[in-house]
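The structure file model.txt is reproduced below (compact mmCIF, C-alpha atoms).
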```txt
# COMPACT_ATOMS: atom_id res chain seq x y z
CA MET O 1 -25.66 -25.92 -7.60
CA SER O 2 -28.79 -26.73 -5.61
CA ASP O 3 -26.65 -27.13 -2.49
CA PHE O 4 -25.79 -23.48 -2.70
CA PHE O 5 -29.32 -22.27 -2.22
CA THR O 6 -29.85 -23.75 1.22
CA GLN O 7 -30.40 -21.17 3.91
CA ALA O 8 -27.37 -22.04 6.03
CA ILE O 9 -24.91 -21.82 3.16
CA LEU O 10 -26.33 -18.62 1.75
CA ILE O 11 -26.11 -16.96 5.15
CA ALA O 12 -22.60 -18.27 5.74
CA THR O 13 -21.43 -17.01 2.36
CA PHE O 14 -22.96 -13.60 2.92
CA ALA O 15 -21.46 -13.32 6.40
CA SER O 16 -18.00 -14.36 5.26
CA GLY O 17 -18.21 -11.84 2.43
CA ILE O 18 -18.75 -9.11 4.99
CA ARG O 19 -15.90 -10.45 7.09
CA LEU O 20 -13.50 -10.56 4.14
CA ALA O 21 -14.41 -7.01 3.21
CA VAL O 22 -13.28 -5.59 6.56
CA PRO O 23 -9.50 -5.25 6.06
CA LEU O 24 -10.07 -3.76 2.62
CA LEU O 25 -12.66 -1.39 3.99
CA LEU O 26 -10.37 -0.16 6.78
CA ALA O 27 -7.38 0.28 4.49
CA SER O 28 -9.30 1.99 1.72
CA LEU O 29 -11.12 4.34 4.10
CA GLY O 30 -7.72 5.47 5.35
CA GLU O 31 -6.45 5.85 1.81
CA THR O 32 -9.54 7.92 0.99
CA PHE O 33 -8.46 10.52 3.54
CA GLY O 34 -4.98 10.72 2.05
CA GLN O 35 -6.18 10.95 -1.53
CA ARG O 36 -8.83 13.54 -0.78
CA SER O 37 -6.01 15.74 0.48
CA GLY O 38 -3.94 15.04 -2.65
CA VAL O 39 -1.53 12.37 -1.41
CA LEU O 40 -1.41 8.99 -3.08
CA ASN O 41 0.06 6.55 -0.58
CA LEU O 42 1.03 3.37 -2.42
CA GLY O 43 2.64 1.92 0.69
CA VAL O 44 -0.64 0.74 2.20
CA ASP O 45 0.17 -2.90 1.60
CA GLY O 46 3.53 -2.63 3.34
CA ILE O 47 1.96 -0.90 6.34
CA MET O 48 -0.75 -3.60 6.43
CA LEU O 49 1.88 -6.34 6.40
CA LEU O 50 3.89 -4.82 9.24
CA GLY O 51 0.69 -4.12 11.19
CA ALA O 52 -0.37 -7.71 10.60
CA PHE O 53 2.93 -9.04 11.87
CA GLY O 54 2.92 -6.70 14.87
CA GLY O 55 -0.61 -7.68 15.79
CA TYR O 56 0.13 -11.36 15.29
CA TYR O 57 3.28 -11.27 17.37
CA ALA O 58 1.63 -9.36 20.21
CA VAL O 59 -1.24 -11.84 20.36
CA LEU O 60 1.18 -14.75 20.16
CA GLN O 61 3.09 -13.40 23.17
CA THR O 62 0.25 -12.14 25.35
CA ASP O 63 -2.83 -13.91 24.00
CA ASN O 64 -4.69 -10.61 24.14
CA VAL O 65 -6.33 -9.67 20.83
CA TRP O 66 -6.94 -6.08 21.89
CA LEU O 67 -3.27 -5.59 22.64
CA GLY O 68 -2.59 -7.01 19.19
CA LEU O 69 -4.92 -4.49 17.65
CA LEU O 70 -3.24 -1.73 19.65
CA VAL O 71 0.18 -2.77 18.37
CA GLY O 72 -1.27 -2.64 14.85
CA VAL O 73 -2.45 0.91 15.55
CA ALA O 74 0.97 1.94 16.88
CA ILE O 75 2.82 0.50 13.88
CA GLY O 76 0.31 2.16 11.58
CA ILE O 77 0.86 5.55 13.22
CA VAL O 78 4.64 5.28 13.01
CA LEU O 79 4.64 4.19 9.36
CA GLY O 80 1.98 6.76 8.53
CA LEU O 81 4.24 9.46 9.97
CA VAL O 82 7.17 8.11 7.97
CA SER O 83 5.08 8.09 4.78
CA ALA O 84 3.99 11.65 5.49
CA LEU O 85 7.59 12.72 6.00
CA ILE O 86 8.58 11.16 2.69
CA SER O 87 5.74 12.40 0.52
CA VAL O 88 4.78 15.70 2.18
CA THR O 89 7.93 17.18 3.66
CA LEU O 90 10.56 15.61 1.42
CA LEU O 91 8.23 16.05 -1.61
CA ALA O 92 9.04 12.62 -3.02
CA GLU O 93 7.48 11.22 -6.17
CA GLN O 94 4.38 9.61 -4.70
CA GLY O 95 4.01 6.83 -7.25
CA ILE O 96 7.43 5.41 -6.39
CA SER O 97 8.05 6.18 -2.73
CA GLY O 98 5.02 4.07 -1.78
CA ILE O 99 6.54 1.09 -3.57
CA GLY O 100 9.60 1.58 -1.38
CA VAL O 101 7.43 1.44 1.72
CA TYR O 102 5.68 -1.64 0.29
CA LEU O 103 8.94 -3.49 -0.40
CA PHE O 104 10.24 -2.53 3.03
CA GLY O 105 7.08 -3.81 4.72
CA LEU O 106 7.03 -6.99 2.65
CA GLY O 107 10.65 -7.80 3.43
CA MET O 108 10.68 -6.59 7.03
CA SER O 109 7.54 -8.44 8.09
CA ASP O 110 8.87 -11.65 6.57
CA LEU O 111 12.30 -11.12 8.14
CA LEU O 112 10.88 -10.49 11.61
CA PHE O 113 8.51 -13.41 11.25
CA GLN O 114 11.30 -15.81 10.35
CA ARG O 115 13.62 -14.55 13.08
CA LEU O 116 11.11 -14.20 15.90
CA VAL O 117 8.53 -16.89 15.19
CA GLY O 118 9.86 -19.29 12.57
CA THR O 119 7.09 -21.79 12.02
CA PRO O 120 3.53 -20.48 11.77
CA ARG O 121 1.63 -20.96 14.98
CA PRO O 122 -2.09 -20.20 15.24
CA ILE O 123 -3.22 -17.49 17.64
CA SER O 124 -6.54 -16.76 19.27
CA LYS O 125 -9.00 -14.82 17.15
CA PHE O 126 -11.43 -12.03 17.85
CA PRO O 127 -14.31 -13.06 20.08
CA ARG O 128 -17.67 -13.08 18.34
CA LEU O 129 -20.15 -10.48 19.46
CA ASP O 130 -23.78 -11.33 18.81
CA ILE O 131 -25.86 -8.18 19.01
CA PRO O 132 -28.62 -9.13 21.45
CA GLY O 133 -32.05 -9.14 19.83
CA LEU O 134 -30.90 -8.27 16.32
CA SER O 135 -28.90 -11.46 15.87
CA GLU O 136 -32.09 -13.50 16.50
CA ILE O 137 -33.77 -12.21 13.34
CA PRO O 138 -33.88 -15.02 10.79
CA TRP O 139 -31.59 -14.53 7.76
CA ILE O 140 -30.66 -10.93 8.54
CA GLY O 141 -29.33 -11.72 12.01
CA GLY O 142 -27.02 -14.44 10.74
CA MET O 143 -25.73 -12.20 7.98
CA PHE O 144 -25.16 -8.91 9.76
CA PHE O 145 -25.24 -9.27 13.51
CA ASN O 146 -22.97 -12.05 14.69
CA HIS O 147 -19.54 -10.86 13.71
CA SER O 148 -16.52 -9.88 15.77
CA ILE O 149 -16.37 -6.36 17.14
CA ILE O 150 -13.84 -5.17 14.59
CA VAL O 151 -16.41 -5.77 11.83
CA TYR O 152 -18.92 -3.45 13.47
CA VAL O 153 -16.22 -0.89 14.16
CA ALA O 154 -15.08 -0.93 10.52
CA PHE O 155 -18.57 -0.35 9.22
CA MET O 156 -19.24 2.33 11.84
CA LEU O 157 -16.21 4.15 10.48
CA VAL O 158 -17.99 4.69 7.15
CA PRO O 159 -20.56 7.22 8.42
CA VAL O 160 -17.88 8.69 10.70
CA SER O 161 -15.55 9.29 7.74
CA MET O 162 -18.44 10.73 5.72
CA PHE O 163 -19.20 13.12 8.53
CA VAL O 164 -15.58 14.13 8.98
CA ILE O 165 -14.94 14.68 5.28
CA ASN O 166 -18.21 16.40 4.39
CA ARG O 167 -19.35 18.20 7.51
CA THR O 168 -16.38 19.33 9.59
CA THR O 169 -13.87 22.14 9.23
CA PHE O 170 -11.08 19.61 9.10
CA GLY O 171 -12.86 17.80 6.26
CA MET O 172 -13.30 21.04 4.38
CA ARG O 173 -9.59 21.70 4.75
CA ILE O 174 -8.84 18.20 3.45
CA ARG O 175 -10.97 18.76 0.37
CA SER O 176 -9.61 22.24 -0.31
CA VAL O 177 -6.02 21.05 0.02
CA GLY O 178 -6.76 18.18 -2.36
CA GLU O 179 -8.47 20.32 -4.96
CA ASN O 180 -6.52 23.55 -4.89
CA PRO O 181 -3.61 23.71 -2.47
CA GLU O 182 -2.54 27.18 -3.64
CA ALA O 183 -5.92 28.67 -2.77
CA ALA O 184 -6.04 26.81 0.53
CA ASP O 185 -2.55 28.02 1.35
CA SER O 186 -3.43 31.63 0.55
CA LEU O 187 -6.35 31.37 2.99
CA GLY O 188 -4.03 30.30 5.76
CA VAL O 189 -4.64 26.55 5.70
CA SER O 190 -1.45 24.65 6.39
CA VAL O 191 -1.25 22.34 3.38
CA ALA O 192 1.58 20.31 4.86
CA GLY O 193 -0.18 20.06 8.23
CA VAL O 194 -3.42 18.76 6.73
CA ARG O 195 -1.55 16.27 4.58
CA TRP O 196 0.54 15.04 7.49
CA ALA O 197 -2.69 14.44 9.38
CA THR O 198 -4.47 12.59 6.58
CA VAL O 199 -1.52 10.41 5.66
CA THR O 200 -1.11 9.49 9.31
CA ILE O 201 -4.81 8.64 9.52
CA GLY O 202 -4.38 6.49 6.43
CA GLY O 203 -1.36 4.72 7.91
CA THR O 204 -3.16 4.11 11.18
CA LEU O 205 -6.17 2.57 9.46
CA ALA O 206 -3.86 0.46 7.28
CA GLY O 207 -2.09 -0.80 10.41
CA ILE O 208 -5.45 -1.67 11.99
CA ALA O 209 -6.49 -3.38 8.75
CA GLY O 210 -3.38 -5.54 8.80
CA ALA O 211 -3.74 -6.45 12.47
CA ALA O 212 -7.44 -7.19 11.94
CA LEU O 213 -6.60 -9.44 9.01
CA ALA O 214 -3.97 -11.40 10.95
CA ILE O 215 -6.10 -11.77 14.07
CA ASP O 216 -9.17 -12.61 12.00
CA LEU O 217 -7.29 -15.41 10.25
CA GLY O 218 -5.40 -16.33 13.42
CA ILE O 219 -2.19 -16.82 11.47
CA PHE O 220 0.71 -14.97 9.86
CA GLN O 221 2.76 -15.96 6.85
CA GLN O 222 4.96 -14.34 4.24
CA ASN O 223 2.94 -11.81 2.21
CA LEU O 224 -0.18 -12.44 4.27
CA THR O 225 -2.14 -9.61 2.71
CA ASN O 226 -1.58 -10.94 -0.81
CA ALA O 227 -1.55 -7.40 -2.22
CA GLN O 228 -4.86 -6.45 -0.61
CA GLY O 229 -3.35 -3.04 0.05
CA PHE O 230 -3.14 -2.41 -3.68
CA ILE O 231 -6.72 -3.62 -4.10
CA ALA O 232 -7.67 -1.12 -1.39
CA ILE O 233 -6.09 1.69 -3.41
CA ALA O 234 -8.02 0.56 -6.49
CA LEU O 235 -11.19 0.54 -4.41
CA VAL O 236 -10.68 4.19 -3.53
CA TYR O 237 -10.82 4.99 -7.24
CA PHE O 238 -13.74 2.56 -7.62
CA GLY O 239 -15.59 4.32 -4.81
CA ALA O 240 -14.96 7.69 -6.45
CA TRP O 241 -13.21 8.99 -3.27
CA ARG O 242 -16.40 8.68 -1.24
CA PRO O 243 -16.63 6.49 1.88
CA VAL O 244 -19.93 4.90 0.79
CA GLY O 245 -18.54 4.01 -2.63
CA VAL O 246 -15.43 2.59 -1.00
CA MET O 247 -17.63 0.46 1.24
CA ALA O 248 -19.59 -0.79 -1.78
CA GLY O 249 -16.35 -1.74 -3.51
CA SER O 250 -14.99 -3.57 -0.47
CA LEU O 251 -18.25 -5.49 -0.10
CA LEU O 252 -18.25 -6.43 -3.79
CA TYR O 253 -14.70 -7.71 -3.49
CA GLY O 254 -15.50 -9.55 -0.26
CA PHE O 255 -18.60 -11.22 -1.69
CA VAL O 256 -16.91 -12.37 -4.87
CA ASN O 257 -14.11 -13.79 -2.75
CA ALA O 258 -16.53 -15.55 -0.41
CA LEU O 259 -18.52 -16.97 -3.36
CA ASN O 260 -15.30 -18.22 -4.90
CA VAL O 261 -14.31 -20.04 -1.72
CA GLN O 262 -17.79 -21.43 -1.13
CA TRP O 263 -18.28 -22.67 -4.70
CA LYS O 264 -14.93 -24.35 -4.64
CA THR O 265 -15.78 -26.16 -1.42
CA LEU O 266 -19.10 -27.26 -2.88
CA GLY O 267 -17.42 -28.42 -6.08
CA ILE O 268 -19.38 -26.02 -8.29
CA ILE O 269 -16.04 -24.76 -9.57
CA PRO O 270 -14.01 -27.81 -10.61
CA GLN O 271 -10.52 -28.29 -9.23
CA GLU O 272 -8.71 -27.49 -12.47
CA TRP O 273 -10.48 -24.15 -12.73
CA SER O 274 -9.64 -23.02 -9.23
CA ASP O 275 -6.59 -20.95 -10.19
CA ILE O 276 -8.61 -19.10 -12.79
CA ALA O 277 -11.46 -18.61 -10.34
CA ASN O 278 -8.97 -17.08 -7.90
CA MET O 279 -8.49 -14.25 -10.35
CA ALA O 280 -12.20 -13.47 -10.43
CA PRO O 281 -12.23 -10.91 -7.58
CA ALA O 282 -9.42 -8.93 -9.14
CA ILE O 283 -10.92 -9.08 -12.63
CA ILE O 284 -14.36 -8.06 -11.44
CA THR O 285 -12.87 -5.19 -9.46
CA ILE O 286 -10.96 -3.98 -12.52
CA LEU O 287 -14.04 -4.24 -14.75
CA ALA O 288 -16.15 -2.39 -12.22
CA LEU O 289 -13.40 0.20 -11.95
CA VAL O 290 -13.43 0.77 -15.70
CA VAL O 291 -17.20 1.04 -15.82
CA VAL O 292 -17.83 3.05 -12.67
CA ALA O 293 -14.86 5.26 -12.03
CA ARG O 294 -14.77 7.01 -15.39
CA ARG O 295 -17.73 9.12 -14.46
CA PHE O 296 -15.94 10.77 -11.57
CA ARG O 297 -13.07 13.19 -11.38
CA GLN O 298 -10.16 12.62 -9.07
CA PRO O 299 -9.01 15.30 -6.59
CA ALA O 300 -7.26 17.88 -8.75
CA ALA O 301 -4.04 17.94 -6.73
CA LEU O 302 -3.71 14.18 -6.37
CA THR O 303 -0.04 13.03 -6.52
CA LYS O 304 1.18 16.64 -6.82
CA PRO O 305 3.59 17.62 -4.06
CA PHE O 306 2.98 21.19 -2.90
CA THR O 307 5.61 23.85 -2.49
CA ARG O 308 4.72 27.45 -1.95
CA GLY O 309 5.41 29.83 -4.83
CA THR O 310 5.86 27.40 -7.69
CA MET I 1 3.20 1.21 -21.70
CA THR I 2 2.68 -1.57 -24.28
CA LEU I 3 6.42 -1.86 -24.66
CA ALA I 4 6.79 -2.07 -20.89
CA GLY I 5 4.20 -4.84 -20.81
CA ALA I 6 6.02 -6.71 -23.56
CA MET I 7 9.34 -6.41 -21.74
CA GLY I 8 7.72 -7.57 -18.53
CA GLY I 9 6.33 -10.65 -20.29
CA LEU I 10 9.74 -11.30 -21.79
CA ALA I 11 11.32 -11.07 -18.34
CA GLY I 12 8.88 -13.67 -17.05
CA ALA I 13 9.61 -15.99 -19.97
CA VAL I 14 13.36 -15.61 -19.46
CA LEU I 15 12.89 -16.47 -15.84
CA VAL I 16 11.12 -19.71 -16.78
CA PHE I 17 13.42 -20.77 -19.63
CA GLY I 18 16.78 -19.63 -18.47
CA ALA I 19 17.42 -18.41 -15.00
CA GLU I 20 15.84 -20.91 -12.70
CA SER I 21 14.99 -24.44 -13.60
CA HIS I 22 13.22 -24.68 -16.94
CA ARG I 23 9.86 -24.92 -15.31
CA MET I 24 7.43 -22.74 -13.48
CA VAL I 25 7.60 -23.44 -9.80
CA THR I 26 5.34 -21.88 -7.29
CA ASP I 27 7.11 -22.81 -4.12
CA GLY I 28 4.01 -22.55 -1.99
CA SER I 29 4.88 -19.08 -0.83
CA THR I 30 2.23 -16.60 -1.89
CA ALA I 31 4.83 -14.26 -3.36
CA GLY I 32 4.61 -16.46 -6.44
CA PHE I 33 7.11 -17.56 -8.97
CA THR I 34 8.80 -14.28 -9.74
CA GLY I 35 9.66 -13.53 -6.12
CA SER I 36 8.57 -9.93 -6.72
CA ALA I 37 11.19 -9.50 -9.46
CA GLY I 38 8.81 -7.01 -11.03
CA PHE I 39 8.98 -4.66 -8.09
CA ASN I 40 12.73 -5.11 -7.93
CA GLY I 41 12.80 -4.10 -11.59
CA ILE I 42 11.22 -0.80 -10.60
CA VAL I 43 13.91 -0.41 -7.99
CA ALA I 44 16.67 -1.12 -10.48
CA ALA I 45 15.27 1.32 -13.03
CA LEU I 46 15.06 3.98 -10.39
CA PHE I 47 18.53 3.30 -9.11
CA GLY I 48 19.87 3.59 -12.65
CA GLY I 49 18.45 7.09 -12.77
CA LEU I 50 15.85 5.99 -15.36
CA HIS I 51 18.55 5.80 -18.02
CA PRO I 52 18.58 2.62 -20.16
CA LEU I 53 22.33 2.10 -19.92
CA TRP I 54 22.66 2.86 -16.24
CA THR I 55 19.94 0.32 -15.46
CA ILE I 56 22.34 -2.43 -16.57
CA PRO I 57 24.84 -1.98 -13.69
CA ALA I 58 21.91 -1.25 -11.39
CA SER I 59 20.28 -4.55 -12.33
CA PHE I 60 23.58 -6.30 -11.75
CA LEU I 61 23.80 -4.70 -8.33
CA PHE I 62 20.36 -5.90 -7.30
CA GLY I 63 20.86 -9.31 -8.90
CA GLY I 64 24.04 -9.56 -6.88
CA LEU I 65 22.21 -8.48 -3.75
CA LEU I 66 19.61 -11.19 -4.26
CA VAL I 67 22.11 -13.95 -4.97
CA GLY I 68 24.27 -12.71 -2.11
CA GLY I 69 21.17 -12.77 0.06
CA ASN I 70 20.69 -16.45 -0.75
CA ALA I 71 24.31 -17.17 0.11
CA LEU I 72 23.93 -15.15 3.28
CA GLN I 73 20.95 -17.23 4.26
CA ARG I 74 22.91 -20.42 3.77
CA ALA I 75 25.98 -19.12 5.56
CA VAL I 76 24.66 -17.25 8.58
CA GLN I 77 20.93 -17.92 8.49
CA VAL I 78 19.88 -14.36 7.74
CA PRO I 79 16.58 -14.60 5.85
CA THR I 80 16.61 -13.37 2.23
CA ALA I 81 13.72 -11.12 3.15
CA LEU I 82 16.36 -8.72 4.47
CA ILE I 83 17.31 -7.92 0.87
CA LEU I 84 13.73 -7.03 0.04
CA ALA I 85 13.56 -4.71 3.02
CA LEU I 86 16.87 -3.15 1.98
CA ASN I 87 15.54 -2.59 -1.54
CA GLY I 88 12.58 -0.82 -0.02
CA LEU I 89 14.88 1.44 1.94
CA VAL I 90 16.92 2.16 -1.21
CA VAL I 91 13.78 3.30 -3.01
CA ILE I 92 12.67 5.42 -0.08
CA PHE I 93 16.00 7.16 0.26
CA VAL I 94 16.58 7.68 -3.45
CA VAL I 95 13.10 9.08 -3.99
CA SER I 96 12.98 11.27 -0.96
CA THR I 97 16.38 12.85 -1.62
CA ASP I 98 15.54 13.34 -5.30
CA ARG I 99 14.29 16.88 -4.94
CA TYR I 100 17.12 17.83 -2.62
CA ARG I 101 19.73 16.57 -5.06
CA ARG I 102 18.03 18.43 -7.92
CA MET I 103 18.11 21.56 -5.79
CA LEU I 104 21.84 21.12 -5.14
CA ARG I 105 22.50 20.64 -8.84
CA GLU I 106 20.50 23.73 -9.75
CA ARG I 107 22.32 25.75 -7.16
CA ALA I 108 25.66 24.55 -8.52
CA SER I 109 24.76 25.46 -12.10
CA GLN I 110 23.50 28.82 -10.94
CA ALA I 111 26.76 29.40 -9.18
CA GLU I 112 28.58 28.48 -12.38
CA THR I 113 26.64 30.94 -14.52
CA ALA I 114 27.07 33.58 -11.87
CA ALA I 115 30.81 32.98 -11.91
CA LYS I 116 30.83 33.22 -15.71
CA LEU I 117 28.91 36.49 -15.59
CA ALA I 118 31.28 37.80 -12.99
CA ALA I 119 34.24 36.85 -15.20
CA GLN I 120 32.67 38.60 -18.19
CA THR I 121 31.94 41.82 -16.36
CA GLY I 122 35.03 41.35 -14.28
CA ASP I 123 37.31 43.67 -16.32
CA THR I 124 35.59 46.75 -14.89
CA GLN I 125 35.31 45.65 -11.29
CA ALA I 126 38.15 43.17 -11.35
CA GLY I 127 35.60 40.75 -9.98
CA ALA I 128 36.80 41.62 -6.54
CA ALA I 129 34.04 42.21 -4.05
CA ASP I 130 30.77 41.10 -5.45
CA PRO I 131 28.56 40.83 -2.40
CA ARG I 132 26.54 38.16 -4.14
CA ALA I 133 29.60 36.14 -5.03
CA PRO I 134 28.44 32.58 -4.61
CA ASP I 135 30.20 30.06 -2.51
CA PRO I 136 32.33 27.72 -4.52
CA PRO I 137 30.10 24.87 -5.58
CA GLY I 138 30.48 22.17 -2.97
CA PRO I 139 31.31 18.62 -3.90
CA ASP I 140 28.18 17.86 -5.88
CA GLU I 141 26.62 14.57 -5.04
CA VAL I 142 27.46 11.94 -7.58
CA ASP I 143 24.45 10.65 -9.39
CA PRO I 144 24.01 6.94 -9.13
```

Transcribe the structure of this file into structure tokens.
Amino acid sequence: MSDFFTQAILIATFASGIRLAVPLLLASLGETFGQRSGVLNLGVDGIMLLGAFGGYYAVLQTDNVWLGLLVGVAIGIVLGLVSALISVTLLAEQGISGIGVYLFGLGMSDLLFQRLVGTPRPISKFPRLDIPGLSEIPWIGGMFFNHSIIVYVAFMLVPVSMFVINRTTFGMRIRSVGENPEAADSLGVSVAGVRWATVTIGGTLAGIAGAALAIDLGIFQQNLTNAQGFIAIALVYFGAWRPVGVMAGSLLYGFVNALNVQWKTLGIIPQEWSDIANMAPAIITILALVVVARRFRQPAALTKPFTRGT
Amino acid sequence: MTLAGAMGGLAGAVLVFGAESHRMVTDGSTAGFTGSAGFNGIVAALFGGLHPLWTIPASFLFGGLLVGGNALQRAVQVPTALILALNGLVVIFVVSTDRYRRMLRERASQAETAAKLAAQTGDTQAGAADPRAPDPPGPDEVDP
């Protein structure tokens, strides 16, 4: 136990917690947009998996991580549009259609991986970007300011999403469509249009999250995300549909994960307990969800497809 | 929900004792022992139109698909993952045409009642030229 409290290990654990939180943060921020407008997109994990494979394959072919990220974005946009078509225009049952997208992504990413790549080959990862000056600060610098660019971008997106949701006309439309689509519709807001936009934003961020995960790990395998997309959806509830809460949830999950890995390496958690310890992040997230999320109300029109005049 | 949990646990136990190899094998793949049988169960239930009896043939269909997928992999080296992707597409198509099919059915039953009404009041007008006479109900889509 005493090993754990050395400076280097504490900093490393903290930093890896932040790093592990990034894919969850991206995916759940995207999901926040969708849910605030009343669309529950359960297909996040499938979109993440396909984005992860796309990003991985692009980097494997071109050795350019930014191109990989761009492919992740493109896949995310396409699948976001498909999800929007299914749940907004075709008015599908949202709880089930997302599982279809998930199964499709799970199978398709594995299929493409086996056909196009076969054996896992490592790819180059994101370059590290030390913020000049700030990364020199003892403790703080090592924890916050020597990550890859995608980490900074993900955390920058939190205030951006807050601003968009709370302070812009578009954000007001999102909230009104999520709370009372009939009223929004009667005031001339295109319910379908807003929902198409938010679901596409959600898909795009999920695609980025997947690509970021694959490029961060430098590897792809079957079911790479390990259901992180579903955790991301839980985190939206945990964060009470607010970007800051979602960030707190992602960080909690990331830190518990990082602690788990670190303690196992140090032998604080014995070998035979490691499978049980692997469940800790999920259990803690569920407990926190039960304790925290009950105090907040979900968007009134969540999971309800909207048709005029019903 | 409790019942569903109990059935899910039972399914897992059956999988260990009967179907596979009398032991719990995690084959290293992160999908785990069940090979996402749980999600496939959702697919089967949906495909059976959420009716207990219809889920039996639906389960057989998907069981067949999975076993066939294994054979396919051995025979022509198509990865089994294809089946999973296909299942996903099945769910997407079934769910997203759900409302459309319900609409068709409603329209058909409306047409039926309209025809009945026309037949009842038909003795005065001979049911000849009702401008709102509905089209004959088209071949309604067969429910799975």

**Complete:** As a check of understanding: the span from CA of Val78 (chain O) to CA of Leu50 (chain O) is 10.8 Å

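Closest approach to chain O among I:Ala111, I:Leu117, I:Val78, I:Ala4: I:Val78, based on all atoms listed in the file.
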
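One distance worth recording is that between CA of Asp98 (chain I) and CA of Gly38 (chain O), which is 19.7 Å.
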
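Considering all atoms listed in the file, the residue among I:Ser59, I:Gln120, I:Gln73, I:Asn87 positioned nearest to chain O is I:Asn87.
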
**Contact set, chain I to chain O: 7 Å, all atoms listed in the file, as a ChimeraX atom specification** = /I:29-31,79,81-82,84-89,91-92,95-96,98-99

Write the residues you've just listed into a file as an mmCIF file, in the frame of the given file, and include C-alpha atoms for each of them.
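After the write, selection_0.cif holds the following:
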```cif
data_model
loop_
_atom_site.group_PDB
_atom_site.id
_atom_site.type_symbol
_atom_site.label_atom_id
_atom_site.label_comp_id
_atom_site.auth_asym_id
_atom_site.auth_seq_id
_atom_site.Cartn_x
_atom_site.Cartn_y
_atom_site.Cartn_z
ATOM 1 C CA SER I 29 4.880 -19.080 -0.830
ATOM 2 C CA THR I 30 2.230 -16.600 -1.890
ATOM 3 C CA ALA I 31 4.830 -14.260 -3.360
ATOM 4 C CA PRO I 79 16.580 -14.600 5.850
ATOM 5 C CA ALA I 81 13.720 -11.120 3.150
ATOM 6 C CA LEU I 82 16.360 -8.720 4.470
ATOM 7 C CA LEU I 84 13.730 -7.030 0.040
ATOM 8 C CA ALA I 85 13.560 -4.710 3.020
ATOM 9 C CA LEU I 86 16.870 -3.150 1.980
ATOM 10 C CA ASN I 87 15.540 -2.590 -1.540
ATOM 11 C CA GLY I 88 12.580 -0.820 -0.020
ATOM 12 C CA LEU I 89 14.880 1.440 1.940
ATOM 13 C CA VAL I 91 13.780 3.300 -3.010
ATOM 14 C CA ILE I 92 12.670 5.420 -0.080
ATOM 15 C CA VAL I 95 13.100 9.080 -3.990
ATOM 16 C CA SER I 96 12.980 11.270 -0.960
ATOM 17 C CA ASP I 98 15.540 13.340 -5.300
ATOM 18 C CA ARG I 99 14.290 16.880 -4.940
#
```

**Message:** I want to know what sits within 10 Å of region 239-250 of chain O, based on all atoms listed in the file, with residues of the same chain fewer than 3 positions away left out; could you give that as a ChimeraX atom specification?
**Reply:** /O:17-18,20-36,154-155,157-163,165-166,231-236,253-255,285,288-289,292-299

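For the pair CA of Ala212 (chain O) and CA of Gly54 (chain O), the interatomic distance is 10.8 Å.
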
**Prompt:** In terms of the shortest atom-to-atom distance over all atoms listed in the file, which of O:Gln271, O:Ile219, O:Ile77, O:Thr200 is closest to Gly51 (chain O)?
**Reply:** O:Ile77

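Closest to Ala301 (chain O) among O:Ile201, O:Ala184, O:Ile150, O:Leu252 is O:Ala184, based on all atoms listed in the file.
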
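Within the 12 Å cut-off around Phe60 (chain I), using all atoms listed in the file and omitting residues fewer than 3 positions from it on the same chain, the listed residues are Asn40, Gly41, Val43, Ala44, Ala45, Phe47, Gly48, Leu53, Trp54, Thr55, Ile56, Pro57, Gly63, Gly64, Leu65, Leu66, Val67 and Gly68 of chain I.
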
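Between Leu259 (chain O) and the residues O:Gly80, O:Ser176, O:Ile276, O:Pro281, the shortest atom-to-atom distance, using all atoms listed in the file, involves O:Pro281.
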
**Residue neighbourhood Trp139 (chain O), 9 Å, all atoms listed in the file, exclusion window fewer than 6 positions, as a ChimeraX atom specification** = /O:7-8,10-11

Size and centre in Å, one decimal, axis-aligned box, all listed region 287-299 of chain O atoms plus 5 Å per side, as JSON:
```
{"center_x": -13.4, "center_y": 5.5, "center_z": -11.2, "size_x": 18.8, "size_y": 29.5, "size_z": 19.2}
```
